[in-house]
Structure formats: C-alpha cells, structure tokens
file protein16.pdb (PDB, C-alpha atoms)
MODEL        1
ATOM      1  CA  MET A  10      88.742  87.704 112.471  1.00  0.00           C
ATOM      2  CA  MET A  11      92.502  87.910 112.934  1.00  0.00           C
ATOM      3  CA  MET A  12      94.298  89.742 110.137  1.00  0.00           C
ATOM      4  CA  GLU A  13      97.326  88.060 108.610  1.00  0.00           C
ATOM      5  CA  LYS A  14     100.703  89.589 109.414  1.00  0.00           C
ATOM      6  CA  ILE A  15     102.880  90.575 106.449  1.00  0.00           C
ATOM      7  CA  LEU A  16     106.678  90.572 106.364  1.00  0.00           C
ATOM      8  CA  ILE A  17     107.845  93.736 104.581  1.00  0.00           C
ATOM      9  CA  SER A  18     111.327  94.981 103.691  1.00  0.00           C
ATOM     10  CA  ALA A  19     112.197  97.813 106.074  1.00  0.00           C
ATOM     11  CA  CYS A  20     113.402  99.975 103.171  1.00  0.00           C
ATOM     12  CA  LEU A  21     109.869  99.863 101.731  1.00  0.00           C
ATOM     13  CA  LEU A  22     108.660 101.348 105.021  1.00  0.00           C
ATOM     14  CA  GLY A  23     110.850 104.425 104.584  1.00  0.00           C
ATOM     15  CA  ARG A  24     113.698 103.225 106.803  1.00  0.00           C
ATOM     16  CA  LYS A  25     117.214 104.122 105.699  1.00  0.00           C
ATOM     17  CA  VAL A  26     118.607 100.574 105.753  1.00  0.00           C
ATOM     18  CA  ARG A  27     119.641 100.144 102.119  1.00  0.00           C
ATOM     19  CA  TYR A  28     123.300  99.542 101.328  1.00  0.00           C
ATOM     20  CA  ASP A  29     123.678 103.220 100.361  1.00  0.00           C
ATOM     21  CA  GLY A  30     121.765 104.492 103.400  1.00  0.00           C
ATOM     22  CA  GLN A  31     119.077 106.041 101.202  1.00  0.00           C
ATOM     23  CA  VAL A  32     115.300 105.652 101.265  1.00  0.00           C
ATOM     24  CA  ILE A  33     114.135 103.516  98.360  1.00  0.00           C
ATOM     25  CA  THR A  34     110.695 105.100  98.275  1.00  0.00           C
ATOM     26  CA  GLU A  35     108.038 106.567 100.467  1.00  0.00           C
ATOM     27  CA  PRO A  36     105.718 103.819 101.687  1.00  0.00           C
ATOM     28  CA  GLU A  37     102.847 103.013  99.345  1.00  0.00           C
ATOM     29  CA  GLN A  38      99.274 103.620 100.496  1.00  0.00           C
ATOM     30  CA  LEU A  39      98.514  99.904 100.772  1.00  0.00           C
ATOM     31  CA  ILE A  40     101.605  99.351 102.941  1.00  0.00           C
ATOM     32  CA  MET A  41     100.589 102.269 105.166  1.00  0.00           C
ATOM     33  CA  GLN A  42      97.088 100.785 105.474  1.00  0.00           C
ATOM     34  CA  TRP A  43      98.572  97.436 106.569  1.00  0.00           C
ATOM     35  CA  LYS A  44     100.875  99.233 109.001  1.00  0.00           C
ATOM     36  CA  THR A  45      97.930 101.129 110.523  1.00  0.00           C
ATOM     37  CA  GLN A  46      96.129  97.799 110.933  1.00  0.00           C
ATOM     38  CA  GLY A  47      99.125  96.467 112.887  1.00  0.00           C
ATOM     39  CA  ARG A  48      99.863  93.806 110.302  1.00  0.00           C
ATOM     40  CA  VAL A  49     103.403  94.778 109.268  1.00  0.00           C
ATOM     41  CA  ILE A  50     106.516  93.006 110.524  1.00  0.00           C
ATOM     42  CA  ALA A  51     109.598  94.831 109.213  1.00  0.00           C
ATOM     43  CA  VAL A  52     112.797  93.092 108.192  1.00  0.00           C
ATOM     44  CA  CYS A  53     116.093  94.044 106.629  1.00  0.00           C
ATOM     45  CA  PRO A  54     117.934  90.735 106.398  1.00  0.00           C
ATOM     46  CA  GLU A  55     121.317  92.369 105.840  1.00  0.00           C
ATOM     47  CA  VAL A  56     121.104  94.886 108.695  1.00  0.00           C
ATOM     48  CA  ASP A  57     119.357  92.413 111.016  1.00  0.00           C
ATOM     49  CA  ALA A  58     122.282  90.040 110.404  1.00  0.00           C
ATOM     50  CA  GLY A  59     124.772  92.735 111.465  1.00  0.00           C
ATOM     51  CA  MET A  60     125.806  94.554 108.289  1.00  0.00           C
ATOM     52  CA  ALA A  61     126.498  98.275 108.516  1.00  0.00           C
ATOM     53  CA  ILE A  62     124.642 101.221 106.970  1.00  0.00           C
ATOM     54  CA  PRO A  63     125.966 102.301 104.568  1.00  0.00           C
ATOM     55  CA  ARG A  64     127.768  99.243 103.191  1.00  0.00           C
ATOM     56  CA  LEU A  65     129.283  98.278  99.872  1.00  0.00           C
ATOM     57  CA  PRO A  66     126.951  96.835  97.256  1.00  0.00           C
ATOM     58  CA  ALA A  67     126.965  93.025  97.210  1.00  0.00           C
ATOM     59  CA  GLU A  68     125.969  90.505  94.566  1.00  0.00           C
ATOM     60  CA  ILE A  69     125.600  86.740  94.256  1.00  0.00           C
ATOM     61  CA  ILE A  70     128.706  85.583  92.376  1.00  0.00           C
ATOM     62  CA  ALA A  71     128.647  82.887  89.668  1.00  0.00           C
ATOM     63  CA  GLY A  72     125.584  81.012  90.779  1.00  0.00           C
ATOM     64  CA  ASP A  73     122.195  81.369  92.349  1.00  0.00           C
ATOM     65  CA  SER A  74     120.723  81.961  95.774  1.00  0.00           C
ATOM     66  CA  GLN A  75     119.908  78.277  96.330  1.00  0.00           C
ATOM     67  CA  GLY A  76     123.623  77.622  95.893  1.00  0.00           C
ATOM     68  CA  VAL A  77     124.357  80.321  98.474  1.00  0.00           C
ATOM     69  CA  ILE A  78     122.038  78.651 101.003  1.00  0.00           C
ATOM     70  CA  GLU A  79     123.747  75.331 100.283  1.00  0.00           C
ATOM     71  CA  GLN A  80     127.193  77.011 100.680  1.00  0.00           C
ATOM     72  CA  ARG A  81     128.146  76.258  97.033  1.00  0.00           C
ATOM     73  CA  ASN A  82     127.967  79.899  95.883  1.00  0.00           C
ATOM     74  CA  ARG A  83     129.083  83.119  97.535  1.00  0.00           C
ATOM     75  CA  VAL A  84     127.830  86.661  98.024  1.00  0.00           C
ATOM     76  CA  MET A  85     130.662  89.147  97.630  1.00  0.00           C
ATOM     77  CA  ASP A  86     130.798  92.891  98.094  1.00  0.00           C
ATOM     78  CA  LYS A  87     132.207  95.218  95.471  1.00  0.00           C
ATOM     79  CA  GLN A  88     135.694  95.107  97.042  1.00  0.00           C
ATOM     80  CA  GLY A  89     135.734  91.314  96.895  1.00  0.00           C
ATOM     81  CA  ASP A  90     135.000  90.588 100.558  1.00  0.00           C
ATOM     82  CA  ASP A  91     132.888  87.496 101.201  1.00  0.00           C
ATOM     83  CA  VAL A  92     129.645  88.510 102.942  1.00  0.00           C
ATOM     84  CA  THR A  93     127.817  85.211 102.379  1.00  0.00           C
ATOM     85  CA  ASP A  94     127.366  84.452 106.074  1.00  0.00           C
ATOM     86  CA  TYR A  95     125.490  87.735 106.640  1.00  0.00           C
ATOM     87  CA  PHE A  96     123.078  86.918 103.811  1.00  0.00           C
ATOM     88  CA  ILE A  97     122.412  83.405 105.095  1.00  0.00           C
ATOM     89  CA  LYS A  98     121.983  84.639 108.679  1.00  0.00           C
ATOM     90  CA  GLY A  99     119.617  87.411 107.509  1.00  0.00           C
ATOM     91  CA  ALA A 100     117.519  84.929 105.538  1.00  0.00           C
ATOM     92  CA  HIS A 101     117.164  82.747 108.631  1.00  0.00           C
ATOM     93  CA  ILE A 102     116.173  85.791 110.730  1.00  0.00           C
ATOM     94  CA  ALA A 103     113.423  86.578 108.193  1.00  0.00           C
ATOM     95  CA  LEU A 104     112.269  82.950 108.229  1.00  0.00           C
ATOM     96  CA  SER A 105     112.182  82.982 112.046  1.00  0.00           C
ATOM     97  CA  LEU A 106     109.948  86.078 111.963  1.00  0.00           C
ATOM     98  CA  CYS A 107     107.610  84.331 109.519  1.00  0.00           C
ATOM     99  CA  GLN A 108     107.440  81.285 111.772  1.00  0.00           C
ATOM    100  CA  GLN A 109     107.011  83.359 114.946  1.00  0.00           C
ATOM    101  CA  TYR A 110     104.112  85.393 113.518  1.00  0.00           C
ATOM    102  CA  ASP A 111     102.674  82.676 111.225  1.00  0.00           C
ATOM    103  CA  ILE A 112     103.373  84.896 108.201  1.00  0.00           C
ATOM    104  CA  LYS A 113     102.357  83.530 104.822  1.00  0.00           C
ATOM    105  CA  VAL A 114     103.090  86.629 102.692  1.00  0.00           C
ATOM    106  CA  ALA A 115     106.229  88.729 102.318  1.00  0.00           C
ATOM    107  CA  ILE A 116     106.776  91.884 100.279  1.00  0.00           C
ATOM    108  CA  LEU A 117     110.474  92.253  99.632  1.00  0.00           C
ATOM    109  CA  THR A 118     112.569  94.665  97.590  1.00  0.00           C
ATOM    110  CA  GLU A 119     113.193  93.643  94.000  1.00  0.00           C
ATOM    111  CA  ARG A 120     116.783  93.332  92.703  1.00  0.00           C
ATOM    112  CA  SER A 121     118.353  92.909  96.146  1.00  0.00           C
ATOM    113  CA  PRO A 122     120.722  89.943  96.659  1.00  0.00           C
ATOM    114  CA  SER A 123     118.677  89.231  99.800  1.00  0.00           C
ATOM    115  CA  CYS A 124     115.156  90.169  98.782  1.00  0.00           C
ATOM    116  CA  GLY A 125     114.881  90.091  94.993  1.00  0.00           C
ATOM    117  CA  SER A 126     111.951  87.951  93.883  1.00  0.00           C
ATOM    118  CA  SER A 127     112.334  87.837  90.104  1.00  0.00           C
ATOM    119  CA  GLU A 128     115.455  89.887  89.250  1.00  0.00           C
ATOM    120  CA  VAL A 129     118.898  90.280  90.784  1.00  0.00           C
ATOM    121  CA  TYR A 130     122.160  91.746  89.566  1.00  0.00           C
ATOM    122  CA  ASP A 131     124.436  89.490  87.520  1.00  0.00           C
ATOM    123  CA  GLY A 132     127.267  89.113  90.051  1.00  0.00           C
ATOM    124  CA  GLU A 133     129.766  91.128  88.036  1.00  0.00           C
ATOM    125  CA  PHE A 134     128.871  94.613  89.354  1.00  0.00           C
ATOM    126  CA  THR A 135     127.977  95.796  85.842  1.00  0.00           C
ATOM    127  CA  ASN A 136     124.440  96.998  86.747  1.00  0.00           C
ATOM    128  CA  LYS A 137     123.072  94.198  84.537  1.00  0.00           C
ATOM    129  CA  LEU A 138     119.962  92.415  85.806  1.00  0.00           C
ATOM    130  CA  ILE A 139     119.269  88.721  85.371  1.00  0.00           C
ATOM    131  CA  VAL A 140     116.338  86.473  86.191  1.00  0.00           C
ATOM    132  CA  GLY A 141     116.830  85.238  89.733  1.00  0.00           C
ATOM    133  CA  GLN A 142     115.990  85.738  93.356  1.00  0.00           C
ATOM    134  CA  GLY A 143     117.722  86.763  96.543  1.00  0.00           C
ATOM    135  CA  VAL A 144     118.830  84.499  99.368  1.00  0.00           C
ATOM    136  CA  THR A 145     116.001  85.480 101.737  1.00  0.00           C
ATOM    137  CA  THR A 146     113.345  85.057  99.036  1.00  0.00           C
ATOM    138  CA  THR A 147     114.658  81.586  98.188  1.00  0.00           C
ATOM    139  CA  LEU A 148     114.618  80.448 101.819  1.00  0.00           C
ATOM    140  CA  LEU A 149     111.143  81.882 102.483  1.00  0.00           C
ATOM    141  CA  ARG A 150     109.680  80.317  99.349  1.00  0.00           C
ATOM    142  CA  ALA A 151     111.218  76.951 100.286  1.00  0.00           C
ATOM    143  CA  HIS A 152     109.211  77.192 103.528  1.00  0.00           C
ATOM    144  CA  GLY A 153     105.908  78.076 101.865  1.00  0.00           C
ATOM    145  CA  VAL A 154     105.934  81.868 102.218  1.00  0.00           C
ATOM    146  CA  LYS A 155     104.507  83.628  99.159  1.00  0.00           C
ATOM    147  CA  VAL A 156     106.942  86.420  98.205  1.00  0.00           C
ATOM    148  CA  PHE A 157     105.946  89.503  96.225  1.00  0.00           C
ATOM    149  CA  ASN A 158     107.987  92.596  95.346  1.00  0.00           C
ATOM    150  CA  GLN A 159     107.094  96.268  95.775  1.00  0.00           C
ATOM    151  CA  HIS A 160     105.629  96.373  92.243  1.00  0.00           C
ATOM    152  CA  GLN A 161     103.175  93.572  93.075  1.00  0.00           C
ATOM    153  CA  LEU A 162     101.264  95.114  95.982  1.00  0.00           C
ATOM    154  CA  ARG A 163      97.864  94.617  94.356  1.00  0.00           C
ATOM    155  CA  GLN A 164      98.621  90.939  93.705  1.00  0.00           C
ATOM    156  CA  ALA A 165      99.785  90.567  97.314  1.00  0.00           C
ATOM    157  CA  HIS A 166      96.592  92.235  98.530  1.00  0.00           C
ATOM    158  CA  GLN A 167      94.450  89.890  96.421  1.00  0.00           C
ATOM    159  CA  TYR A 168      96.378  86.888  97.704  1.00  0.00           C
ATOM    160  CA  LEU A 169      95.903  88.028 101.311  1.00  0.00           C
ATOM    161  CA  LEU A 170      92.166  88.346 100.723  1.00  0.00           C
ATOM    162  CA  SER A 171      92.099  84.734  99.511  1.00  0.00           C
ATOM    163  CA  LEU A 172      93.671  83.357 102.724  1.00  0.00           C
TER     164      LEU A 172
ENDMDL
END

call {"tool": "encode", "arguments": {"input": "protein16.pdb", "output": "structure tokens"}}
result
Amino acid sequence: MMMEKILISACLLGRKVRYDGQVITEPEQLIMQWKTQGRVIAVCPEVDAGMAIPRLPAEIIAGDSQGVIEQRNRVMDKQGDDVTDYFIKGAHIALSLCQQYDIKVAILTERSPSCGSSEVYDGEFTNKLIVGQGVTTTLLRAHGVKVFNQHQLRQAHQYLLSL
C-alpha cells in the first residue's frame, strides 16, 4: 500500500522560513511520524517564490485571497510595497507540488496570507484577525486539496486514514 504524500508548511517542520526568520514551533509528533515515513513534501510559498528571509510582514489588503488570485486584490507588505506576484507564484508552486506528487492533503500555517486556512490578518497591520484564508490555501482548495492548519493535525490524520 502506497502512503499518501502530505504537503506541509516548511515552518511547521522547524525551518526558519517565516517572515521574521524565526521557528514557529518544533515539529509535532504526528508530523515527525509522517516525515519518517517519507510522506512529507515541504513548501514555503513565499520563499519558494523568491521572497527573502527575513522579510516584512504582508497582508491581503481590502479584499480576499480569491480576489488576489483573480488580480482584483493585492498583497502588500508593511511598507506599502506590492508583493502580490510572489504570493500568486508561491501558490502555483504549491499547487504544482500537489499535482506532481498526487497530494490530496495539505497542512499549512494558520494566519499566514499564503497559508491561513480559517483566519488571516485584516489587511491593516493592526494584529486583528478576520475569518479568511491565504492565497495558497484558496488555490489548493479550488483544485480539490483538503487543507488543514497546524491545530488540526488529528483531523488531518483521520482524513488521511479515510483515503
């Protein structure tokens, strides 16, 4: 039986790829188990698209991630520079990985303008969260990939068992 590959945010694997160059967390036991089984495909849409580490925080401005994909909304960094193209390119890199490895499940970092699956920042750099999702999550879900966040590992595990 072939085990399903899982797309996982590189920062959840202990890699220092976050905008601030810090580790978000040490990898959870379940993630380490999947890694040992050779099931993990790592992605950091922002870094994979060419953004630096560290980099300024970025947020989706006045709209949602679907609007970003459709080029109606923008992703801006804290200094006001438009970084939309990086976010769209990174989302397509993640989608390509899912297609290449026939990945049906992704575990991405909550609150990120790329990877958030249920919450993102409000676009005003006030540290306020709103209901929403990141650009990569939106693109993956549109192509049938089930996206979970790092707080939903048990649900992701159960879903994988059902495949």

call {"tool": "closest_residue", "arguments": {"input": "protein16.pdb", "among": "A:Ser105, A:Gln75, A:Gln80, A:Gln159", "to": "Gly143 in chain A", "atoms": "all atoms listed in the file"}}
result
A:Gln75

call {"tool": "resolve_selection", "arguments": {"input": "protein16.pdb", "expression": "the PyMOL selection byres ((chain A and resi 132-135) around 10)", "output": "number ranges by chain"}}
result
A: 66-73, 83-87, 122, 129-131, 136-139

call {"tool": "resolve_selection", "arguments": {"input": "protein16.pdb", "expression": "the PyMOL selection byres ((chain A and resi 108-120) around 7)", "output": "list of chain:residue names"}}
result
A:Glu13, A:Lys14, A:Ile15, A:Leu16, A:Ile17, A:Ser18, A:Leu104, A:Ser105, A:Leu106, A:Cys107, A:Ser121, A:Pro122, A:Cys124, A:Gly125, A:Ser126, A:Glu128, A:Val129, A:Tyr130, A:Val154, A:Lys155, A:Val156, A:Phe157, A:Asn158, A:Gln159

call {"tool": "resolve_selection", "arguments": {"input": "protein16.pdb", "expression": "the PyMOL selection byres ((chain A and resi 78) around 10)", "output": "MDAnalysis selection string"}}
result
chainID A and resid 73:77 79:83 93:94 96:98 100:101 144:145 147:148

call {"tool": "residues_around", "arguments": {"input": "protein16.pdb", "residues": "Pro63 in chain A", "least_positions_apart": "2", "cutoff": "10 Å", "atoms": "only C-alpha atoms", "output": "list in words"}}
result
Lys25, Val26, Arg27, Tyr28, Asp29, Gly30, Gln31, Val56, Met60, Ala61, Leu65 and Pro66 of chain A

call {"tool": "atom_distance", "arguments": {"input": "protein16.pdb", "atom1": "CA of Asp90 in chain A", "atom2": "CA of His152 in chain A"}}
result
29.2 Å

call {"tool": "closest_residue", "arguments": {"input": "protein16.pdb", "among": "A:Ile33, A:Leu172, A:Ala58, A:Ala151", "to": "Tyr95 in chain A", "atoms": "all atoms listed in the file"}}
result
A:Ala58

call {"tool": "closest_residue", "arguments": {"input": "protein16.pdb", "among": "A:Met12, A:Cys20, A:Val49, A:His160", "to": "Pro36 in chain A", "atoms": "only C-alpha atoms"}}
result
A:Cys20

call {"tool": "closest_residue", "arguments": {"input": "protein16.pdb", "among": "A:Thr146, A:Gln88, A:Gln167, A:Gln46", "to": "Ser123 in chain A", "atoms": "only C-alpha atoms"}}
result
A:Thr146

call {"tool": "atom_distance", "arguments": {"input": "protein16.pdb", "atom1": "CA of Gly153 in chain A", "atom2": "CA of Gln38 in chain A"}}
result
26.4 Å

call {"tool": "closest_residue", "arguments": {"input": "protein16.pdb", "among": "A:Arg48, A:Leu21, A:Leu170, A:Gly59", "to": "Glu35 in chain A", "atoms": "only C-alpha atoms"}}
result
A:Leu21

call {"tool": "build_atoms", "arguments": {"input": "protein16.pdb", "residues": "range 60-78 of chain A", "atoms": "N, CA and C atoms", "output": "PDB file, in the coordinates of the input"}}
result
ATOM      1  N   MET A  60     125.083  93.716 109.257  1.00  0.00           N
ATOM      2  CA  MET A  60     125.806  94.554 108.289  1.00  0.00           C
ATOM      3  C   MET A  60     125.570  96.033 108.589  1.00  0.00           C
ATOM      4  N   ALA A  61     126.531  96.841 108.220  1.00  0.00           N
ATOM      5  CA  ALA A  61     126.498  98.275 108.516  1.00  0.00           C
ATOM      6  C   ALA A  61     125.635  99.032 107.502  1.00  0.00           C
ATOM      7  N   ILE A  62     125.293 100.260 107.873  1.00  0.00           N
ATOM      8  CA  ILE A  62     124.642 101.221 106.970  1.00  0.00           C
ATOM      9  C   ILE A  62     125.522 102.466 106.980  1.00  0.00           C
ATOM     10  N   PRO A  63     126.008 102.958 105.871  1.00  0.00           N
ATOM     11  CA  PRO A  63     125.966 102.301 104.568  1.00  0.00           C
ATOM     12  C   PRO A  63     126.958 101.132 104.514  1.00  0.00           C
ATOM     13  N   ARG A  64     126.865 100.362 103.434  1.00  0.00           N
ATOM     14  CA  ARG A  64     127.768  99.243 103.191  1.00  0.00           C
ATOM     15  C   ARG A  64     127.993  99.148 101.688  1.00  0.00           C
ATOM     16  N   LEU A  65     129.013  98.436 101.298  1.00  0.00           N
ATOM     17  CA  LEU A  65     129.283  98.278  99.872  1.00  0.00           C
ATOM     18  C   LEU A  65     128.198  97.428  99.226  1.00  0.00           C
ATOM     19  N   PRO A  66     127.897  97.697  97.953  1.00  0.00           N
ATOM     20  CA  PRO A  66     126.951  96.835  97.256  1.00  0.00           C
ATOM     21  C   PRO A  66     127.494  95.402  97.233  1.00  0.00           C
ATOM     22  N   ALA A  67     126.588  94.443  97.255  1.00  0.00           N
ATOM     23  CA  ALA A  67     126.965  93.025  97.210  1.00  0.00           C
ATOM     24  C   ALA A  67     126.119  92.326  96.154  1.00  0.00           C
ATOM     25  N   GLU A  68     126.689  91.275  95.573  1.00  0.00           N
ATOM     26  CA  GLU A  68     125.969  90.505  94.566  1.00  0.00           C
ATOM     27  C   GLU A  68     126.299  89.022  94.728  1.00  0.00           C
ATOM     28  N   ILE A  69     125.374  88.180  94.275  1.00  0.00           N
ATOM     29  CA  ILE A  69     125.600  86.740  94.256  1.00  0.00           C
ATOM     30  C   ILE A  69     126.540  86.459  93.086  1.00  0.00           C
ATOM     31  N   ILE A  70     127.657  85.794  93.373  1.00  0.00           N
ATOM     32  CA  ILE A  70     128.706  85.583  92.376  1.00  0.00           C
ATOM     33  C   ILE A  70     128.590  84.190  91.753  1.00  0.00           C
ATOM     34  N   ALA A  71     128.561  84.142  90.434  1.00  0.00           N
ATOM     35  CA  ALA A  71     128.647  82.887  89.668  1.00  0.00           C
ATOM     36  C   ALA A  71     127.771  81.774  90.216  1.00  0.00           C
ATOM     37  N   GLY A  72     126.506  82.038  90.311  1.00  0.00           N
ATOM     38  CA  GLY A  72     125.584  81.012  90.779  1.00  0.00           C
ATOM     39  C   GLY A  72     124.290  81.640  91.210  1.00  0.00           C
ATOM     40  N   ASP A  73     123.487  80.861  91.924  1.00  0.00           N
ATOM     41  CA  ASP A  73     122.195  81.369  92.349  1.00  0.00           C
ATOM     42  C   ASP A  73     122.054  81.324  93.863  1.00  0.00           C
ATOM     43  N   SER A  74     120.935  81.849  94.334  1.00  0.00           N
ATOM     44  CA  SER A  74     120.723  81.961  95.774  1.00  0.00           C
ATOM     45  C   SER A  74     120.547  80.607  96.450  1.00  0.00           C
ATOM     46  N   GLN A  75     120.003  79.623  95.743  1.00  0.00           N
ATOM     47  CA  GLN A  75     119.908  78.277  96.330  1.00  0.00           C
ATOM     48  C   GLN A  75     121.317  77.752  96.610  1.00  0.00           C
ATOM     49  N   GLY A  76     122.227  78.013  95.697  1.00  0.00           N
ATOM     50  CA  GLY A  76     123.623  77.622  95.893  1.00  0.00           C
ATOM     51  C   GLY A  76     124.264  78.336  97.070  1.00  0.00           C
ATOM     52  N   VAL A  77     123.843  79.585  97.310  1.00  0.00           N
ATOM     53  CA  VAL A  77     124.357  80.321  98.474  1.00  0.00           C
ATOM     54  C   VAL A  77     123.876  79.634  99.755  1.00  0.00           C
ATOM     55  N   ILE A  78     122.586  79.310  99.818  1.00  0.00           N
ATOM     56  CA  ILE A  78     122.038  78.651 101.003  1.00  0.00           C
ATOM     57  C   ILE A  78     122.746  77.323 101.256  1.00  0.00           C
TER      58      ILE A  78
END
